[in-house]
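Trainee: Have a look at this one.
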Amino acid sequence: SYPGITGISGCLQFPEGPYSDTVGAATIATCSSCSSPYTAPAGSVAQSDCVNLFPAGKFGVPGYCILCAAGTFKNSSGPEPCQICPPGSDSVPGSYYCSCVPGFARASGGSCTPCEAGKYKTGSGTGECMDCAAGRYSTSGAAATSASICLSCGQGKWSDTVTATAESTCTDCAAGQYNENTASNAISACVSCAAGRYSTSGAAATSSSVCAICAAGTYVGASSSTSCTNCPIGHY
C-alpha cells in the first residue's frame with residue numbers, strides 16, 4: 001500500500017494487477033507487473049501472488065473468470081476467448097478439449113469423423129467405432145450410435161462378413177441343410193440332414209423338421225440329400 005491523498009488518513013491498497021514488496025511506498029510507481037497472462041489480486045505484496053486468472057477452460061476479464069460454455073473449449077491459458085467445438089464433437093462447461101459425440105470417432109489424433117456404415121459408437125469420448133459382427137448387417141448408414149443397428153441374419157442363413165451393410169451378405173444354407181439359429185457367422189452353422197433322411201425343403205431351411213425319413217423301399221447314403229433313391233431290382 002502507499003499513502004493516500006493529503007488530508008485523508010490511511011494507506012491506499014494497490015489495485016488488482018500489480019504487486020509491490022516495498023514497505024513505506026509513497027507512490028503507485030513502486031508496483032511491479034506480473035508477466036502475461038498472470039495478474040495479482042488487489043493488495044499483493046510478492047511476485048508469488050501472481051495467479052493465472054484465465055487458465056485453460058476459462059475466460060473473462062481480470063478479476064472475473066468464468067467457465068467456457070458447453071459446446072466450447074479453450075486449450076491454453078491466456079486472454080483468448082473460448083472456441084466452438086468442431087463438427088462431430090461437444091464439451092461440458094469449463095472444458096479444455098472437445099470429445100467426439102456418439103457416432104463419431106477421432107482417428108490418429110485428427111478431427112472427429114462419422115463411423116462408417118456397418119459400424120457404431122454408443123458413447124462420447126475417445127472410443128473407437130465398433131464393427132457389426134459377422135452374422136449381422138446394418139442398413140442404417142454412417143454415424144450410427146447404437147448396436148441395435150446391427151441386424152441378425154435370419155434362420156437358415158449365415159454370414160462371415162464383418163461390417164456388412166446389406167442383408168444380401170447373408171448366405172442361404174444349401175438345400176439338404178437347415179439352420180435353426182440367427183446371427184450365424186460360419187457355414188458350419190448349416191446342419192446337414194443325416195444319411196437315411198432327405199430334405200423336403202429347398203435352400204435356407206429353418207428347422208430340422210424338413211429332414212424326412214426315406215420311405216420303405218428307398219434309401220439315401222449321403223448327408224445333405226434332397227431325395228431318396230429306390231432300392232434296385234431284386235432288393236428291398
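Identifiers in the C-alpha cells: chain A, B, ... in order shown; residue index from 1 per chain; ligand index from 1 in order shown.
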Can you tell me, as a ChimeraX atom specification, what residues are no more than 12 Å from segment 106-119 of chain A when counting only C-alpha atoms, ignoring any on the same chain fewer than 4 positions away?
Mentor: /A:85-90,97-102,124-134,136-151,161-167
Trainee: Just write the chosen residues, N, CA and C atoms, as a tab-separated table (two decimals), in the first residue's frame.
Mentor:
chain	number	residue	atom	x	y	z
A	85	CYS	N	-16.64	-25.94	-30.40
A	85	CYS	CA	-16.17	-27.29	-30.72
A	85	CYS	C	-16.38	-27.58	-32.21
A	86	PRO	N	-15.43	-28.28	-32.84
A	86	PRO	CA	-15.58	-28.63	-34.26
A	86	PRO	C	-16.76	-29.57	-34.48
A	87	PRO	N	-17.22	-29.70	-35.71
A	87	PRO	CA	-18.32	-30.63	-36.01
A	87	PRO	C	-18.01	-32.04	-35.55
A	88	GLY	N	-19.03	-32.72	-35.01
A	88	GLY	CA	-18.85	-34.09	-34.53
A	88	GLY	C	-18.31	-34.19	-33.13
A	89	SER	N	-18.19	-33.05	-32.44
A	89	SER	CA	-17.67	-33.07	-31.07
A	89	SER	C	-18.47	-32.13	-30.19
A	90	ASP	N	-18.29	-32.27	-28.88
A	90	ASP	CA	-19.03	-31.46	-27.92
A	90	ASP	C	-18.21	-31.38	-26.63
A	97	TYR	N	-10.84	-29.27	-23.93
A	97	TYR	CA	-10.86	-30.05	-25.16
A	97	TYR	C	-12.30	-30.47	-25.45
A	98	CYS	N	-12.53	-30.92	-26.68
A	98	CYS	CA	-13.86	-31.40	-27.07
A	98	CYS	C	-13.81	-32.90	-27.34
A	99	SER	N	-14.81	-33.61	-26.91
A	99	SER	CA	-14.89	-35.06	-27.11
A	99	SER	C	-15.79	-35.38	-28.30
A	100	CYS	N	-15.42	-36.44	-29.01
A	100	CYS	CA	-16.27	-36.89	-30.13
A	100	CYS	C	-17.61	-37.36	-29.56
A	101	VAL	N	-18.67	-36.97	-30.22
A	101	VAL	CA	-20.02	-37.35	-29.78
A	101	VAL	C	-20.31	-38.78	-30.24
A	102	PRO	N	-21.36	-39.42	-29.71
A	102	PRO	CA	-21.73	-40.75	-30.19
A	102	PRO	C	-21.88	-40.77	-31.72
A	124	SER	N	-19.78	-40.85	-25.87
A	124	SER	CA	-18.85	-39.76	-26.18
A	124	SER	C	-17.45	-40.15	-25.72
A	125	GLY	N	-16.45	-39.46	-26.27
A	125	GLY	CA	-15.09	-39.69	-25.81
A	125	GLY	C	-14.19	-40.25	-26.88
A	126	THR	N	-13.13	-40.91	-26.42
A	126	THR	CA	-12.05	-41.34	-27.31
A	126	THR	C	-12.24	-42.74	-27.87
A	127	GLY	N	-13.35	-43.40	-27.56
A	127	GLY	CA	-13.56	-44.77	-28.03
A	127	GLY	C	-13.61	-44.87	-29.55
A	128	GLU	N	-13.37	-46.08	-30.04
A	128	GLU	CA	-13.39	-46.33	-31.47
A	128	GLU	C	-14.79	-46.78	-31.92
A	129	CYS	N	-15.01	-46.69	-33.22
A	129	CYS	CA	-16.25	-47.22	-33.79
A	129	CYS	C	-16.19	-48.75	-33.73
A	130	MET	N	-17.29	-49.37	-33.37
A	130	MET	CA	-17.37	-50.82	-33.25
A	130	MET	C	-17.98	-51.42	-34.51
A	131	ASP	N	-17.47	-52.59	-34.90
A	131	ASP	CA	-17.98	-53.28	-36.09
A	131	ASP	C	-19.27	-54.03	-35.79
A	132	CYS	N	-20.17	-54.04	-36.75
A	132	CYS	CA	-21.23	-55.05	-36.72
A	132	CYS	C	-20.55	-56.39	-36.99
A	133	ALA	N	-20.75	-57.35	-36.11
A	133	ALA	CA	-20.03	-58.62	-36.19
A	133	ALA	C	-20.51	-59.46	-37.36
A	134	ALA	N	-19.71	-60.46	-37.71
A	134	ALA	CA	-20.12	-61.43	-38.71
A	134	ALA	C	-21.43	-62.08	-38.26
A	136	ARG	N	-24.21	-60.53	-38.87
A	136	ARG	CA	-25.11	-59.39	-38.75
A	136	ARG	C	-24.84	-58.41	-39.89
A	137	TYR	N	-25.75	-57.46	-40.07
A	137	TYR	CA	-25.59	-56.45	-41.11
A	137	TYR	C	-26.32	-55.19	-40.68
A	138	SER	N	-25.98	-54.07	-41.31
A	138	SER	CA	-26.63	-52.80	-40.99
A	138	SER	C	-27.07	-52.11	-42.26
A	139	THR	N	-28.22	-51.46	-42.20
A	139	THR	CA	-28.70	-50.65	-43.32
A	139	THR	C	-28.88	-49.19	-42.89
A	140	SER	N	-28.25	-48.82	-41.76
A	140	SER	CA	-28.50	-47.51	-41.16
A	140	SER	C	-27.59	-46.38	-41.66
A	141	GLY	N	-26.59	-46.69	-42.45
A	141	GLY	CA	-25.70	-45.64	-42.92
A	141	GLY	C	-24.66	-45.25	-41.88
A	142	ALA	N	-24.00	-44.10	-42.11
A	142	ALA	CA	-22.90	-43.66	-41.26
A	142	ALA	C	-23.39	-43.01	-39.97
A	143	ALA	N	-22.45	-42.85	-39.02
A	143	ALA	CA	-22.69	-42.15	-37.74
A	143	ALA	C	-23.72	-42.83	-36.86
A	144	ALA	N	-23.78	-44.14	-36.89
A	144	ALA	CA	-24.74	-44.87	-36.04
A	144	ALA	C	-24.30	-44.81	-34.58
A	145	THR	N	-25.28	-44.78	-33.67
A	145	THR	CA	-25.00	-44.59	-32.25
A	145	THR	C	-25.40	-45.76	-31.37
A	146	SER	N	-25.86	-46.85	-31.96
A	146	SER	CA	-26.34	-47.96	-31.14
A	146	SER	C	-26.04	-49.29	-31.82
A	147	ALA	N	-25.77	-50.31	-31.00
A	147	ALA	CA	-25.55	-51.65	-31.52
A	147	ALA	C	-26.81	-52.23	-32.13
A	148	SER	N	-27.94	-51.62	-31.84
A	148	SER	CA	-29.20	-52.13	-32.37
A	148	SER	C	-29.29	-51.99	-33.89
A	149	ILE	N	-28.39	-51.23	-34.49
A	149	ILE	CA	-28.40	-51.10	-35.96
A	149	ILE	C	-27.87	-52.38	-36.62
A	150	CYS	N	-27.20	-53.23	-35.84
A	150	CYS	CA	-26.65	-54.48	-36.38
A	150	CYS	C	-27.74	-55.55	-36.34
A	151	LEU	N	-28.35	-55.82	-37.47
A	151	LEU	CA	-29.45	-56.77	-37.57
A	151	LEU	C	-28.92	-58.18	-37.81
A	161	THR	N	-19.10	-62.06	-43.03
A	161	THR	CA	-18.69	-60.70	-43.37
A	161	THR	C	-18.83	-59.77	-42.16
A	162	VAL	N	-17.75	-59.07	-41.84
A	162	VAL	CA	-17.76	-58.07	-40.75
A	162	VAL	C	-18.11	-56.71	-41.36
A	163	THR	N	-18.83	-55.88	-40.62
A	163	THR	CA	-19.31	-54.55	-41.07
A	163	THR	C	-20.14	-54.64	-42.34
A	164	ALA	N	-20.95	-55.68	-42.45
A	164	ALA	CA	-21.81	-55.84	-43.62
A	164	ALA	C	-22.87	-54.73	-43.65
A	165	THR	N	-23.20	-54.29	-44.83
A	165	THR	CA	-24.15	-53.18	-44.97
A	165	THR	C	-25.39	-53.55	-45.79
A	166	ALA	N	-25.63	-54.85	-45.98
A	166	ALA	CA	-26.82	-55.27	-46.71
A	166	ALA	C	-27.20	-56.68	-46.29
A	167	GLU	N	-28.50	-56.96	-46.30
A	167	GLU	CA	-28.98	-58.29	-45.96
A	167	GLU	C	-28.50	-59.33	-46.97
Trainee: Could you list, as a tab-separated table (two decimals) with C-alpha atoms, in the first residue's frame, every residue within 12 Å of Ile66 of chain A, counting only C-alpha atoms and ignoring same-chain residues fewer than 6 positions away?
Mentor:
chain	number	residue	atom	x	y	z
A	53	LEU	CA	-6.98	-15.85	-13.94
A	54	PHE	CA	-7.52	-17.26	-17.43
A	55	PRO	CA	-6.48	-20.94	-17.32
A	56	ALA	CA	-7.49	-23.45	-19.96
A	57	GLY	CA	-11.26	-23.93	-19.95
A	58	LYS	CA	-11.94	-20.42	-18.60
A	59	PHE	CA	-12.13	-16.85	-19.89
A	60	GLY	CA	-13.17	-13.37	-18.75
A	74	LYS	CA	-10.07	-23.27	-24.53
A	79	PRO	CA	-6.93	-13.95	-22.52
A	81	PRO	CA	-11.86	-16.41	-25.94
A	82	CYS	CA	-13.30	-19.92	-25.89
A	93	PRO	CA	-18.71	-26.34	-19.27
A	94	GLY	CA	-15.11	-25.49	-18.41
A	95	SER	CA	-13.56	-27.84	-20.96
Trainee: Which of these, A:Ala105, A:Ser33, A:Thr22, A:Gly135, has the shortest distance to Gly123 of chain A once you count only C-alpha atoms?
Mentor: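 Smallest separation from Gly123 of chain A among the options: A:Ala105.
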Trainee: Please list as a compact mmCIF listing (two decimals) with N, CA and C atoms, in the first residue's frame every residue within 8 Å of Ala189 of chain A, counting only C-alpha atoms and excluding residues in the same chain fewer than 3 positions away.
Mentor:
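around.txt, freshly written:
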# COMPACT_ATOMS: atom_id res chain seq x y z
N TRP A 158 -26.35 -67.63 -43.04
CA TRP A 158 -25.11 -67.38 -42.31
C TRP A 158 -24.32 -66.31 -43.06
N ASN A 179 -30.72 -74.47 -40.59
CA ASN A 179 -30.10 -73.71 -39.50
C ASN A 179 -31.21 -73.08 -38.67
N ASN A 181 -30.76 -71.28 -35.97
CA ASN A 181 -30.28 -70.11 -35.21
C ASN A 181 -30.23 -68.86 -36.08
N SER A 184 -25.81 -66.36 -37.38
CA SER A 184 -24.76 -67.37 -37.55
C SER A 184 -23.61 -66.78 -38.38
N ASN A 185 -22.37 -67.03 -37.94
CA ASN A 185 -21.22 -66.39 -38.58
C ASN A 185 -20.31 -67.34 -39.34
N ALA A 186 -20.77 -68.57 -39.61
CA ALA A 186 -19.96 -69.52 -40.36
C ALA A 186 -20.86 -70.53 -41.04
Trainee: Please compute the atom CA of Asp21 of chain A-atom CA of Val45 of chain A distance, one decimal, in Å.
Mentor: 4.8 Å
Trainee: For segment 220-229 of chain A, work out the shell of residues within 6 Å, counting only C-alpha atoms and skipping chain neighbours fewer than 3 positions away, then give it as a list in words.
Mentor: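 Contacts, in chain order: Gly176, Gln177, Ser192, Cys193, Ala194, Ala195, Gly196, Tyr198, Ser199 and Cys214 of chain A.
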Trainee: If I take atom CA of Pro18 of chain A and atom CA of Pro41 of chain A, how far is one from the other in Å, to one decimal?
Mentor: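 These atoms are spaced 7.9 Å apart.
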Trainee: Residues of segment 72-194 of chain A classed as helix (DSSP H, G or I) by DSSP on the backbone are to be reported as a list of chain:residue names.
Mentor: A:Ala147, A:Ser148, A:Ile149, A:Glu167, A:Ser168, A:Thr169, A:Ile187, A:Ser188, A:Ala189
Trainee: Go ahead and write the residues just picked, all heavy atoms, as a short mmCIF file (atom, residue, chain, number, x, y, z; two decimals), in the first residue's frame.
Mentor:
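Done, and the output landed in out_0.cif:
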data_model
loop_
_atom_site.label_atom_id
_atom_site.label_comp_id
_atom_site.auth_asym_id
_atom_site.auth_seq_id
_atom_site.Cartn_x
_atom_site.Cartn_y
_atom_site.Cartn_z
N ALA A 147 -25.77 -50.31 -31.00
CA ALA A 147 -25.55 -51.65 -31.52
C ALA A 147 -26.81 -52.23 -32.13
O ALA A 147 -26.76 -53.21 -32.88
CB ALA A 147 -25.04 -52.56 -30.40
N SER A 148 -27.94 -51.62 -31.84
CA SER A 148 -29.20 -52.13 -32.37
C SER A 148 -29.29 -51.99 -33.89
O SER A 148 -30.17 -52.59 -34.51
CB SER A 148 -30.38 -51.41 -31.72
OG SER A 148 -30.37 -50.03 -32.03
N ILE A 149 -28.39 -51.23 -34.49
CA ILE A 149 -28.40 -51.10 -35.96
C ILE A 149 -27.87 -52.38 -36.62
O ILE A 149 -28.04 -52.57 -37.82
CB ILE A 149 -27.58 -49.88 -36.42
CG1 ILE A 149 -26.12 -49.99 -35.98
CG2 ILE A 149 -28.20 -48.60 -35.91
CD1 ILE A 149 -25.17 -50.22 -37.09
N GLU A 167 -28.50 -56.96 -46.30
CA GLU A 167 -28.98 -58.29 -45.96
C GLU A 167 -28.50 -59.33 -46.97
O GLU A 167 -28.40 -60.52 -46.65
CB GLU A 167 -30.50 -58.29 -45.88
CG GLU A 167 -31.08 -59.60 -45.36
CD GLU A 167 -32.59 -59.57 -45.25
OE1 GLU A 167 -33.21 -58.60 -45.73
OE2 GLU A 167 -33.16 -60.53 -44.66
N SER A 168 -28.17 -58.87 -48.15
CA SER A 168 -27.73 -59.80 -49.19
C SER A 168 -26.41 -60.49 -48.84
O SER A 168 -26.03 -61.47 -49.49
CB SER A 168 -27.58 -59.07 -50.53
OG SER A 168 -26.64 -58.00 -50.43
N THR A 169 -25.70 -59.99 -47.83
CA THR A 169 -24.46 -60.66 -47.39
C THR A 169 -24.78 -61.94 -46.61
O THR A 169 -23.88 -62.75 -46.37
CB THR A 169 -23.61 -59.74 -46.51
OG1 THR A 169 -24.38 -59.32 -45.38
CG2 THR A 169 -23.16 -58.50 -47.29
N ILE A 187 -20.37 -71.09 -42.14
CA ILE A 187 -21.15 -72.09 -42.88
C ILE A 187 -21.38 -73.34 -42.05
O ILE A 187 -22.35 -74.08 -42.29
CB ILE A 187 -20.44 -72.43 -44.21
CG1 ILE A 187 -21.38 -73.21 -45.13
CG2 ILE A 187 -19.13 -73.18 -43.95
CD1 ILE A 187 -20.82 -73.42 -46.53
N SER A 188 -20.54 -73.54 -41.05
CA SER A 188 -20.70 -74.71 -40.18
C SER A 188 -22.00 -74.66 -39.40
O SER A 188 -22.43 -75.67 -38.81
CB SER A 188 -19.52 -74.83 -39.23
OG SER A 188 -19.39 -73.66 -38.43
N ALA A 189 -22.65 -73.51 -39.37
CA ALA A 189 -23.95 -73.41 -38.69
C ALA A 189 -25.05 -74.14 -39.46
O ALA A 189 -26.10 -74.44 -38.90
CB ALA A 189 -24.32 -71.94 -38.50
#
